[in-house]
Amino acid sequence: MRRRGLRALRVAVAAFVLAGLTAAFLDFRGLVPASLAHWLAAIQFVPAVVVFATGGAAVAAVAILVITLALGRVYCAVVCPLGIFQDVIGWLARGLRLRRRLLPFARANNGLRYGVLVATLATIAVGGASIASSHTDPYSNFGRVVSGLFRPMVVAANNALVAPATALGFTGLYRVNPPWPAPGLLWPALVVLVLVTLLAAWRDRIYCNTLCPVGALLGGVAARGAFRLTLDRGACSKCADCLRACKAQCIDLRTGAIDASRCVACYNCIAACGQHGIAYRWRWGRPAADRALGALPDPGRRAFLANASVAIAAAVGANRLLAVAVPRAADSQASRAICPPGAGGIDRFLARCTACQLCVSACPTHVLQPALDEYGFPGFMKPRLDYTAAFCNFDCQRCAEVCPAGAIGPQSLAAKQVTRIGLAQLDLEKCIVKTKGTDCAACSEHCPTKAVDTVPYGHGLRLPQVTDDLCIGCGACEYACPALPRKAIKVAGRRHHEVAVRRVEGKAKDPRKGGGFPF
């Protein structure tokens with residue numbers, strides 16, 4: 001039983017992490033505690049590195065690296081949700097007999113995996129950190145798959161059950177608008193889902209050891225780990241039970257070596273070996289033993305990494321020259337997109353956000369939606385406020401509570417309520433008070449800061465007006481405006497967030513709740 005203990009512990013922790021993060025991304029009723037969602041996301045490698053790189057606490061990032069250096073790629077086995085998801089797919093593939101159970105040892109495809117890593121580092125070096133962290137992070141890719149593809153299906157299933165449940169006397173279910181993203185936002189998540197699923201069904205963790213830059217980076221650290229799983233040649237009978245259990249195809253029975261850089265610390269081999277021939281052993285200071293186990297230095301990899309270092313240095317130099325040669329455009333406050341309060345501004349937000357879309361799932365009004373081209377290419381799939389869908393709740397800070405990378409920074413509720421993320425702009429020629437000669441004031445009634453007020457107009461009517469100093473750009477006015485096909489009041493984003501003047505007179509009406517408005 002002792003040899004199965006590590007595997008059982010790994011399975012239990014991995015199941016908890018996968019279930020917790022999946023529930024957080026699927027949550028459309030606000031049932032998952034924000035603290036749990038934040039904690040599970042904050043221990044992911046890329047968000048932790050982003051926090052460290054931007055001056056935040058480095059506890060999670062350092063802990064992952066230390067554990068990897070000590071025991072190997074434990075992070076990949078029990079913390080990374082995309083890796084755990086691949087384990088589930090591989091388990092199903094074996095159970096359905098979609099492939100043979102024994103996957104023989106395969107040589108490492110170092111050219112591909114280190115090429116992906118170097119391309120990622122080069123992208124970061126030339127100023128594309130936000131792009132690299134968004135589209136290569138396994139955690140963020142998992143989040144977009146669950147939030148963008150699975151969550152709408154779960155909501156649709158919930159809606160289909162409302163009528164039967166009500167007929168049976170159960171009132172705990174209610175309809176929710178399915179959060180289907182725009183078609184242009186579906187295909188990246190769909191590509192990741194199909195690619196990862198097919199690769200996992202074919203060869204378990206091959207994605208982690210060929211296409212994942214996090215796996216390549218941690219693999220390089222694990223290859224020089226203090227404790228590494230090793231084969232006891234005296235105990236090994238070459239029965240190949242460990243090969244049937246290995247997810248990474250990293251056990252070479254001919255040489256008696258285990259490739260620590262590709263081993264994902266699943267401990268299946270330890271549980272499968274009836275001769276107790278696989279165990280952690282201290283490897284530092286034992287070069288002779290390492291040579292005996294086939295762990296000779298790889299000159300090809302060293303040459304590749306040396307050339308890659310030169311390429312990255314050249315990319316950095318070229319980027320610096322371009323920055324000097326090409327003048328910067330004038331810094332404007334106007335912005336097509338609106339980023340959440342707490343972000344500080346669009347530039348800061350895009351630099352830190354990994355586009356995991358946890359805040360999109362957590363937002364109670366669903367005003368946060370993935371961006372298509374509103375931010376430009378660096379902001380593809382990063383959250384923006386969409387006031388055609390909803391508004392930013394005056395008393396809500398849920399997005400800041402769950403954000404793992406500090407892209408939406410924590411702030412007091414009082415500070416959030418005077419943070420100007422946009423500015424309301426009136427087009428009175430579209431206002432129904434003028435176009436239809438009818439009373440309205442929906443925008444004024446729903447403004448929580450009283451930035452939108454009304455002034456006398458015509459025979460007993462009142463026209464809206466905006467006091468810029470009071471406006472925070474929450475979008476309640478735009479969402480409530482009944483003018484069609486285009487709103488008479490719209491919020492323009494602010495590239496750098498500002499502080500508005502506070503003046504709250506009572507509680508504003510919720511645009512979702514009757515009162516005769518919006519029409």
# chains A, B, ... in the order shown; residues from 1 in each chain; ligands from 1

$ residues_around --residues "A:Pro482" --least-positions-apart "4" --cutoff "10 Å" --atoms "only C-alpha atoms" --output "PyMOL selection string"
chain A and resi 431-432+440-443+477-478+486-489+517-519

$ write_last_selection --atoms "N, CA, C and O atoms" --output "JSON list (two decimals), in the first residue's frame"
[["chain", "number", "residue", "atom", "x", "y", "z"],
["A", 431, "CYS", "N", -32.25, 61.12, -28.30],
["A", 431, "CYS", "CA", -33.03, 60.96, -27.07],
["A", 431, "CYS", "C", -34.53, 60.95, -27.41],
["A", 431, "CYS", "O", -35.03, 61.81, -28.14],
["A", 432, "ILE", "N", -35.27, 60.01, -26.85],
["A", 432, "ILE", "CA", -36.69, 59.88, -27.18],
["A", 432, "ILE", "C", -37.52, 61.05, -26.64],
["A", 432, "ILE", "O", -38.64, 61.27, -27.10],
["A", 440, "CYS", "N", -39.02, 60.49, -20.19],
["A", 440, "CYS", "CA", -38.19, 59.30, -20.03],
["A", 440, "CYS", "C", -37.40, 59.37, -18.72],
["A", 440, "CYS", "O", -37.88, 58.90, -17.70],
["A", 441, "ALA", "N", -36.21, 59.96, -18.75],
["A", 441, "ALA", "CA", -35.33, 60.08, -17.58],
["A", 441, "ALA", "C", -34.81, 58.75, -17.08],
["A", 441, "ALA", "O", -34.38, 58.63, -15.93],
["A", 442, "ALA", "N", -34.81, 57.70, -17.93],
["A", 442, "ALA", "CA", -34.28, 56.41, -17.50],
["A", 442, "ALA", "C", -32.82, 56.51, -17.12],
["A", 442, "ALA", "O", -32.38, 55.93, -16.12],
["A", 443, "CYS", "N", -32.04, 57.25, -17.91],
["A", 443, "CYS", "CA", -30.61, 57.36, -17.62],
["A", 443, "CYS", "C", -30.36, 58.05, -16.29],
["A", 443, "CYS", "O", -29.49, 57.64, -15.51],
["A", 477, "CYS", "N", -26.50, 54.04, -17.19],
["A", 477, "CYS", "CA", -27.30, 54.93, -18.04],
["A", 477, "CYS", "C", -27.42, 54.38, -19.46],
["A", 477, "CYS", "O", -28.52, 54.38, -20.05],
["A", 478, "GLU", "N", -26.31, 53.93, -20.01],
["A", 478, "GLU", "CA", -26.34, 53.39, -21.37],
["A", 478, "GLU", "C", -27.20, 52.14, -21.45],
["A", 478, "GLU", "O", -27.99, 51.97, -22.38],
["A", 486, "ARG", "N", -29.96, 53.10, -31.89],
["A", 486, "ARG", "CA", -28.74, 53.49, -31.21],
["A", 486, "ARG", "C", -29.07, 54.26, -29.96],
["A", 486, "ARG", "O", -29.99, 55.08, -29.94],
["A", 487, "LYS", "N", -28.31, 54.01, -28.92],
["A", 487, "LYS", "CA", -28.53, 54.65, -27.63],
["A", 487, "LYS", "C", -28.26, 56.15, -27.72],
["A", 487, "LYS", "O", -27.37, 56.60, -28.45],
["A", 488, "ALA", "N", -29.03, 56.90, -26.95],
["A", 488, "ALA", "CA", -28.83, 58.35, -26.91],
["A", 488, "ALA", "C", -27.71, 58.73, -25.95],
["A", 488, "ALA", "O", -27.19, 59.84, -26.00],
["A", 489, "ILE", "N", -27.33, 57.80, -25.07],
["A", 489, "ILE", "CA", -26.23, 58.05, -24.14],
["A", 489, "ILE", "C", -25.32, 56.83, -24.16],
["A", 489, "ILE", "O", -25.77, 55.69, -24.03],
["A", 517, "PHE", "N", -38.95, 51.63, -16.80],
["A", 517, "PHE", "CA", -37.80, 51.88, -17.67],
["A", 517, "PHE", "C", -36.81, 50.73, -17.50],
["A", 517, "PHE", "O", -36.70, 50.16, -16.42],
["A", 518, "PRO", "N", -36.06, 50.41, -18.53],
["A", 518, "PRO", "CA", -36.17, 50.93, -19.89],
["A", 518, "PRO", "C", -37.37, 50.35, -20.61],
["A", 518, "PRO", "O", -37.91, 49.35, -20.20],
["A", 519, "PHE", "N", -37.78, 50.99, -21.70],
["A", 519, "PHE", "CA", -38.96, 50.55, -22.42],
["A", 519, "PHE", "C", -38.70, 49.19, -23.06],
["A", 519, "PHE", "O", -37.64, 48.91, -23.53]]

$ closest_atom_pairs --of "stretch 120-188 of chain A" --to "stretch 363-376 of chain A" --cutoff "8 Å" --atoms "only C-alpha atoms" --output "CSV"
residue,atom,partner,partner_atom,distance
A:Pro181,CA,A:Pro370,CA,7.3
A:Gly184,CA,A:Leu372,CA,7.0
A:Leu185,CA,A:Leu372,CA,6.7

$ closest_atom_pairs --of "stretch 106-137 of chain A" --to "stretch 404-414 of chain A" --cutoff "12 Å" --atoms "only C-alpha atoms" --output "JSON lines"
{"residue": "A:Ser130", "atom": "CA", "partner": "A:Ala407", "partner_atom": "CA", "distance": 10.9}
{"residue": "A:Ser133", "atom": "CA", "partner": "A:Ala405", "partner_atom": "CA", "distance": 10.6}
{"residue": "A:Ser134", "atom": "CA", "partner": "A:Ala405", "partner_atom": "CA", "distance": 11.4}

$ residues_around --residues "A:Leu231" --least-positions-apart "3" --cutoff "10 Å" --atoms "only C-alpha atoms" --output "ChimeraX atom specification"
/A:228,234-236,251-253,255-258,270,276-281,293

$ write_last_selection --atoms "C-alpha atoms" --output "PDB file, in the first residue's frame"
ATOM      1  CA  ARG A 228      14.504  12.338  -9.019  1.00  0.00           C
ATOM      2  CA  GLY A 234      18.900  -4.754  -9.458  1.00  0.00           C
ATOM      3  CA  ALA A 235      15.193  -4.879  -8.709  1.00  0.00           C
ATOM      4  CA  CYS A 236      13.907  -4.245 -12.255  1.00  0.00           C
ATOM      5  CA  ILE A 251      11.061   5.537 -18.950  1.00  0.00           C
ATOM      6  CA  ASP A 252      13.776   3.780 -20.962  1.00  0.00           C
ATOM      7  CA  LEU A 253      14.106   0.183 -19.737  1.00  0.00           C
ATOM      8  CA  THR A 255      19.292   2.030 -20.360  1.00  0.00           C
ATOM      9  CA  GLY A 256      17.512   2.071 -17.023  1.00  0.00           C
ATOM     10  CA  ALA A 257      16.923   5.822 -17.251  1.00  0.00           C
ATOM     11  CA  ILE A 258      13.977   8.083 -16.500  1.00  0.00           C
ATOM     12  CA  ILE A 270       5.768   3.661  -8.519  1.00  0.00           C
ATOM     13  CA  HIS A 276       9.602  -1.612  -5.715  1.00  0.00           C
ATOM     14  CA  GLY A 277      12.178  -0.719  -8.353  1.00  0.00           C
ATOM     15  CA  ILE A 278      11.245   2.952  -8.813  1.00  0.00           C
ATOM     16  CA  ALA A 279      11.679   5.543  -6.086  1.00  0.00           C
ATOM     17  CA  TYR A 280      12.908   9.061  -5.381  1.00  0.00           C
ATOM     18  CA  ARG A 281      16.647   9.193  -4.873  1.00  0.00           C
ATOM     19  CA  LEU A 293      21.464   6.078 -15.798  1.00  0.00           C
TER      20      LEU A 293
END

$ residues_around --residues "A:Phe16" --least-positions-apart "4" --cutoff "12 Å" --atoms "only C-alpha atoms" --output "ChimeraX atom specification"
/A:9-12,20-23,36,40,78-81,84
